[in-house]
Amino acid sequence: MTSEGTSIDATKPSIARVYDYLLGGKDNYAVDREIGDVFKRDLPGSVAIAFANRAALTRAVAEIATTTDITQFIDLGSGLPTADNVHQVAQRHVPESRVVYVDIDPQVLVHGRALLEENDRTRVIEADVRDPEAVYNHPETRALIDFERPVAVMFSAVLHHVNDEEGPAGIVRYWRDRVPSGSYFFVSHFRSGDNPETAEAEQVLQKTFGRGRWRTDAQIAHLLDGLEILDPGVVPAPLWRPQTAGKAWNDSGERELTVWEQLIAAGMARKA
């Protein structure tokens, strides 16, 4: 959601491509790796944030697909395709699942459309998550999503790139007001740790992109106002329903989260 226009500018870093680099992907440029290396070199252990977030998203999609009747997903600020994308996880459990991916990064659009061109139950649309009406009214969204039936709205690692003055709670509220009862919302978000690591990581993102907000658990929960927040609430992402990954996150129950693993939170809510 940081790029303008439709062409790929290899001279400016992209949030999606930096994230891709941190996850070990290859769809990035030198300028993205330079930013990624700041995290790897100066903030050792911070890469765990990206992996913890991705794992929580995968568990959330599987949880929705296997425990509810929801078969349609909107992935807002989806980022570059990687392993276990939303449609792959959902369709593994429920083949008829449909997914609309939303992003404004040109490279995401190019790679996403190439990946999904053989899958008629997916769409990739160009829209800014800060303009939810454009997403809701997009012809591709309307072609795939039936808003008379429950929808899973996924805000994976995107609302922390929406600054306070841009109204992140209002974005969630827009979707809450337009999907029917029984719809689910998943949010993962940078979690304020009130420590030097949080401050330094936030400074890097703000200096590079002009956005990137760490929020407290209470502030993240506030984004879900009007929805029923499901157990275990808003918690560090590795602790969010780890059993749905097929085994306990920590079989011994003794390992403590690293400071970095505590800096990404996850939570899921349902519209009553």
# chains A, B, ... in the order shown; residues from 1 in each chain; ligands from 1

$ residues_around --residues "Gly226 (chain A)" --least-positions-apart "4" --cutoff "10 Å" --atoms "only C-alpha atoms" --output "list in words"
Val172, Arg173, Arg176, Asp177, His222, Ala269, Arg270, Lys271 and Ala272 of chain A

$ write_last_selection --atoms "N, CA, C and O atoms" --output "PDB file, in the first residue's frame"
ATOM      1  N   VAL A 172     -11.793  -0.796   9.777  1.00  0.00           N
ATOM      2  CA  VAL A 172     -12.410  -2.040  10.275  1.00  0.00           C
ATOM      3  C   VAL A 172     -13.912  -1.851  10.427  1.00  0.00           C
ATOM      4  O   VAL A 172     -14.705  -2.735  10.070  1.00  0.00           O
ATOM      5  N   ARG A 173     -14.305  -0.690  10.946  1.00  0.00           N
ATOM      6  CA  ARG A 173     -15.732  -0.421  11.145  1.00  0.00           C
ATOM      7  C   ARG A 173     -16.499  -0.450   9.822  1.00  0.00           C
ATOM      8  O   ARG A 173     -17.627  -0.942   9.763  1.00  0.00           O
ATOM      9  N   ARG A 176     -17.041  -4.013   9.111  1.00  0.00           N
ATOM     10  CA  ARG A 176     -17.966  -4.575  10.102  1.00  0.00           C
ATOM     11  C   ARG A 176     -19.407  -4.244   9.743  1.00  0.00           C
ATOM     12  O   ARG A 176     -20.306  -5.079   9.892  1.00  0.00           O
ATOM     13  N   ASP A 177     -19.629  -3.030   9.249  1.00  0.00           N
ATOM     14  CA  ASP A 177     -20.988  -2.585   8.950  1.00  0.00           C
ATOM     15  C   ASP A 177     -21.536  -3.159   7.642  1.00  0.00           C
ATOM     16  O   ASP A 177     -22.733  -3.028   7.363  1.00  0.00           O
ATOM     17  N   HIS A 222      -9.176  -2.320  20.426  1.00  0.00           N
ATOM     18  CA  HIS A 222     -10.106  -1.229  20.094  1.00  0.00           C
ATOM     19  C   HIS A 222     -10.441  -1.217  18.608  1.00  0.00           C
ATOM     20  O   HIS A 222     -11.549  -0.811  18.211  1.00  0.00           O
ATOM     21  N   ALA A 269     -12.019 -12.046  15.671  1.00  0.00           N
ATOM     22  CA  ALA A 269     -13.301 -11.617  16.207  1.00  0.00           C
ATOM     23  C   ALA A 269     -14.422 -12.045  15.275  1.00  0.00           C
ATOM     24  O   ALA A 269     -14.199 -12.320  14.091  1.00  0.00           O
ATOM     25  N   ARG A 270     -15.626 -12.078  15.812  1.00  0.00           N
ATOM     26  CA  ARG A 270     -16.806 -12.502  15.047  1.00  0.00           C
ATOM     27  C   ARG A 270     -17.891 -11.448  15.167  1.00  0.00           C
ATOM     28  O   ARG A 270     -18.084 -10.851  16.232  1.00  0.00           O
ATOM     29  N   LYS A 271     -18.584 -11.206  14.058  1.00  0.00           N
ATOM     30  CA  LYS A 271     -19.733 -10.314  14.091  1.00  0.00           C
ATOM     31  C   LYS A 271     -20.963 -11.097  14.512  1.00  0.00           C
ATOM     32  O   LYS A 271     -21.338 -12.078  13.866  1.00  0.00           O
ATOM     33  N   ALA A 272     -21.551 -10.697  15.607  1.00  0.00           N
ATOM     34  CA  ALA A 272     -22.715 -11.412  16.149  1.00  0.00           C
ATOM     35  C   ALA A 272     -23.936 -11.233  15.242  1.00  0.00           C
ATOM     36  O   ALA A 272     -24.039 -10.265  14.492  1.00  0.00           O
TER      37      ALA A 272
END

$ select_by_dssp --residues "region 16-233 of chain A" --states "strand (DSSP E or B)" --output "ChimeraX atom specification"
/A:72-76,98-103,122-126,152-156,184-191,215,228-229

$ write_last_selection --atoms "N, CA and C atoms" --output "CSV table (one decimal), in the first residue's frame"
chain,number,residue,atom,x,y,z
A,72,GLN,N,-15.5,-17.7,1.9
A,72,GLN,CA,-15.0,-16.5,1.2
A,72,GLN,C,-14.2,-15.6,2.1
A,73,PHE,N,-13.1,-15.2,1.5
A,73,PHE,CA,-12.1,-14.4,2.3
A,73,PHE,C,-11.7,-13.2,1.5
A,74,ILE,N,-11.5,-12.1,2.2
A,74,ILE,CA,-10.9,-10.9,1.6
A,74,ILE,C,-9.6,-10.6,2.4
A,75,ASP,N,-8.5,-10.7,1.7
A,75,ASP,CA,-7.2,-10.5,2.3
A,75,ASP,C,-6.7,-9.1,2.0
A,76,LEU,N,-6.8,-8.2,2.9
A,76,LEU,CA,-6.4,-6.8,2.7
A,76,LEU,C,-5.0,-6.5,3.0
A,98,ARG,N,-13.3,-19.1,-1.8
A,98,ARG,CA,-13.0,-18.0,-2.7
A,98,ARG,C,-12.2,-16.9,-2.0
A,99,VAL,N,-11.2,-16.3,-2.7
A,99,VAL,CA,-10.4,-15.3,-2.0
A,99,VAL,C,-10.1,-14.1,-2.9
A,100,VAL,N,-10.3,-13.0,-2.4
A,100,VAL,CA,-9.9,-11.7,-3.1
A,100,VAL,C,-8.7,-11.1,-2.3
A,101,TYR,N,-7.6,-11.0,-3.1
A,101,TYR,CA,-6.4,-10.4,-2.5
A,101,TYR,C,-6.4,-8.9,-2.9
A,102,VAL,N,-6.1,-8.0,-2.0
A,102,VAL,CA,-6.1,-6.6,-2.2
A,102,VAL,C,-4.7,-6.0,-1.9
A,103,ASP,N,-4.2,-5.3,-2.8
A,103,ASP,CA,-2.9,-4.6,-2.6
A,103,ASP,C,-2.7,-3.5,-3.6
A,122,THR,N,-10.1,-17.2,-7.3
A,122,THR,CA,-9.3,-16.1,-6.6
A,122,THR,C,-9.3,-14.9,-7.5
A,123,ARG,N,-9.1,-13.7,-6.9
A,123,ARG,CA,-8.9,-12.5,-7.7
A,123,ARG,C,-7.8,-11.7,-6.9
A,124,VAL,N,-7.0,-10.9,-7.7
A,124,VAL,CA,-6.1,-9.9,-7.1
A,124,VAL,C,-6.5,-8.6,-7.6
A,125,ILE,N,-6.8,-7.6,-6.8
A,125,ILE,CA,-7.3,-6.3,-7.2
A,125,ILE,C,-6.4,-5.2,-6.7
A,126,GLU,N,-6.3,-4.2,-7.5
A,126,GLU,CA,-5.5,-3.0,-7.1
A,126,GLU,C,-6.4,-2.0,-6.4
A,152,ALA,N,-14.8,-13.8,5.7
A,152,ALA,CA,-13.7,-13.6,6.5
A,152,ALA,C,-12.8,-12.4,6.0
A,153,VAL,N,-12.7,-11.4,6.8
A,153,VAL,CA,-11.9,-10.2,6.5
A,153,VAL,C,-10.6,-10.3,7.2
A,154,MET,N,-9.5,-10.4,6.4
A,154,MET,CA,-8.2,-10.6,7.0
A,154,MET,C,-7.4,-9.3,6.9
A,155,PHE,N,-7.0,-8.8,8.1
A,155,PHE,CA,-6.1,-7.7,8.2
A,155,PHE,C,-4.7,-8.1,8.7
A,156,SER,N,-4.0,-8.9,8.0
A,156,SER,CA,-2.7,-9.5,8.4
A,156,SER,C,-1.6,-8.5,8.2
A,184,TYR,N,-16.2,-13.2,10.1
A,184,TYR,CA,-15.0,-13.2,11.0
A,184,TYR,C,-14.0,-12.2,10.6
A,185,PHE,N,-13.3,-11.7,11.5
A,185,PHE,CA,-12.2,-10.7,11.3
A,185,PHE,C,-10.9,-11.2,12.0
A,186,PHE,N,-9.8,-11.2,11.2
A,186,PHE,CA,-8.5,-11.5,11.8
A,186,PHE,C,-7.6,-10.3,11.7
A,187,VAL,N,-6.9,-10.0,12.8
A,187,VAL,CA,-6.0,-8.9,12.8
A,187,VAL,C,-4.7,-9.4,13.4
A,188,SER,N,-3.6,-9.1,12.7
A,188,SER,CA,-2.3,-9.2,13.3
A,188,SER,C,-1.6,-7.8,13.2
A,189,HIS,N,-0.8,-7.4,14.2
A,189,HIS,CA,-0.4,-6.0,14.3
A,189,HIS,C,0.8,-5.9,15.2
A,190,PHE,N,1.7,-5.0,14.8
A,190,PHE,CA,2.9,-4.7,15.6
A,190,PHE,C,2.4,-4.4,17.1
A,191,ARG,N,3.0,-5.0,18.0
A,191,ARG,CA,2.6,-4.9,19.4
A,191,ARG,C,3.6,-4.2,20.2
A,215,ARG,N,1.2,-0.5,18.5
A,215,ARG,CA,0.1,-0.2,19.3
A,215,ARG,C,0.0,-1.3,20.5
A,228,GLU,N,-17.2,-9.5,18.6
A,228,GLU,CA,-16.9,-10.4,19.7
A,228,GLU,C,-15.5,-10.9,19.5
A,229,ILE,N,-14.6,-10.5,20.3
A,229,ILE,CA,-13.2,-11.0,20.3
A,229,ILE,C,-13.2,-12.4,20.8

$ select_by_dssp --residues "region 74-265 of chain A" --states "helix (DSSP H, G or I)" --output "compact mmCIF listing (two decimals) with C-alpha atoms, in the first residue's frame"
# COMPACT_ATOMS: atom_id res chain seq x y z
CA VAL A 86 -4.74 -17.65 2.02
CA HIS A 87 -6.34 -19.38 -0.95
CA GLN A 88 -3.97 -22.35 -0.69
CA VAL A 89 -4.73 -22.91 2.97
CA ALA A 90 -8.47 -22.35 2.62
CA GLN A 91 -8.86 -24.47 -0.52
CA ARG A 92 -6.80 -27.27 1.01
CA HIS A 93 -9.61 -27.68 3.55
CA PRO A 106 2.62 -3.00 -8.43
CA GLN A 107 4.92 -5.98 -7.90
CA VAL A 108 2.36 -7.68 -5.69
CA LEU A 109 -0.22 -7.26 -8.45
CA VAL A 110 2.08 -8.65 -11.16
CA HIS A 111 3.20 -11.70 -9.17
CA GLY A 112 -0.19 -12.29 -7.61
CA ARG A 113 -2.03 -12.32 -10.91
CA ALA A 114 0.55 -14.64 -12.44
CA LEU A 115 0.19 -17.05 -9.52
CA LEU A 116 -3.58 -17.02 -9.56
CA PRO A 132 -12.40 0.39 1.74
CA GLU A 133 -15.27 1.57 -0.43
CA ALA A 134 -13.10 1.09 -3.52
CA VAL A 135 -12.40 -2.48 -2.43
CA TYR A 136 -16.03 -3.21 -1.58
CA PRO A 139 -16.08 -5.31 -9.93
CA GLU A 140 -13.75 -8.23 -9.17
CA THR A 141 -14.78 -8.18 -5.51
CA ARG A 142 -18.43 -8.14 -6.48
CA ALA A 143 -17.91 -10.95 -8.97
CA LEU A 144 -16.45 -13.29 -6.35
CA LEU A 159 -3.26 -1.92 10.01
CA HIS A 160 0.03 -1.05 11.68
CA HIS A 161 0.97 0.63 8.40
CA ASP A 164 -3.52 7.13 13.52
CA GLU A 165 -4.71 10.14 11.53
CA GLU A 166 -5.74 7.80 8.68
CA PRO A 168 -7.48 2.40 11.13
CA ALA A 169 -10.49 1.75 13.40
CA GLY A 170 -12.73 3.37 10.82
CA ILE A 171 -11.46 0.97 8.15
CA VAL A 172 -12.41 -2.04 10.27
CA ARG A 173 -15.73 -0.42 11.15
CA TYR A 174 -16.52 0.04 7.44
CA TRP A 175 -16.19 -3.70 6.87
CA ARG A 176 -17.97 -4.58 10.10
CA ASP A 177 -20.99 -2.58 8.95
CA ARG A 178 -21.11 -4.23 5.51
CA PRO A 196 14.30 -0.19 23.05
CA GLU A 197 13.62 -2.80 20.37
CA THR A 198 10.14 -1.42 19.73
CA ALA A 199 11.40 2.16 19.54
CA GLU A 200 14.26 1.34 17.18
CA ALA A 201 12.17 -0.80 14.84
CA GLU A 202 9.45 1.84 14.68
CA GLN A 203 12.06 4.50 13.93
CA VAL A 204 13.44 2.48 11.00
CA LEU A 205 9.98 2.08 9.45
CA GLN A 206 8.97 5.70 10.00
CA LYS A 207 12.23 6.99 8.55
CA THR A 208 11.94 4.73 5.49
CA PHE A 209 8.22 4.66 4.74
CA ASP A 217 -2.99 -4.77 23.15
CA ALA A 218 -5.81 -2.45 24.24
CA GLN A 219 -5.37 -0.25 21.18
CA ILE A 220 -5.36 -3.29 18.89
CA ALA A 221 -8.48 -4.65 20.59
CA HIS A 222 -10.11 -1.23 20.09
CA ALA A 237 1.07 -14.10 17.64
CA PRO A 238 2.97 -17.30 18.58
CA LEU A 239 0.50 -17.79 21.46
CA PRO A 242 -0.87 -22.62 18.53
CA GLN A 243 -2.63 -25.98 18.80
CA THR A 244 -4.28 -25.43 15.41
CA ALA A 245 -0.86 -25.75 13.80
CA GLU A 261 8.13 -12.70 19.22
CA GLN A 262 6.24 -10.50 21.68
CA LEU A 263 6.21 -7.59 19.24

$ atom_distance --atom1 "CA of Val47 (chain A)" --atom2 "CA of Tyr19 (chain A)"
9.1 Å

$ closest_residue --among "A:Asp105, A:Glu34, A:Asp42, A:Asp194" --to "Thr216 (chain A)" --atoms "only C-alpha atoms"
A:Asp194

$ closest_residue --among "A:Asn163, A:Asn195, A:Thr82, A:Ser97" --to "Lys26 (chain A)" --atoms "only C-alpha atoms"
A:Thr82

$ atom_distance --atom1 "CA of Asn28 (chain A)" --atom2 "CA of Glu118 (chain A)"
24.0 Å

$ atom_distance --atom1 "CA of Pro180 (chain A)" --atom2 "CA of Asp69 (chain A)"
13.0 Å

$ closest_residue --among "A:Ala16, A:Ile49, A:Leu57, A:Leu227" --to "Thr258 (chain A)" --atoms "only C-alpha atoms"
A:Ile49
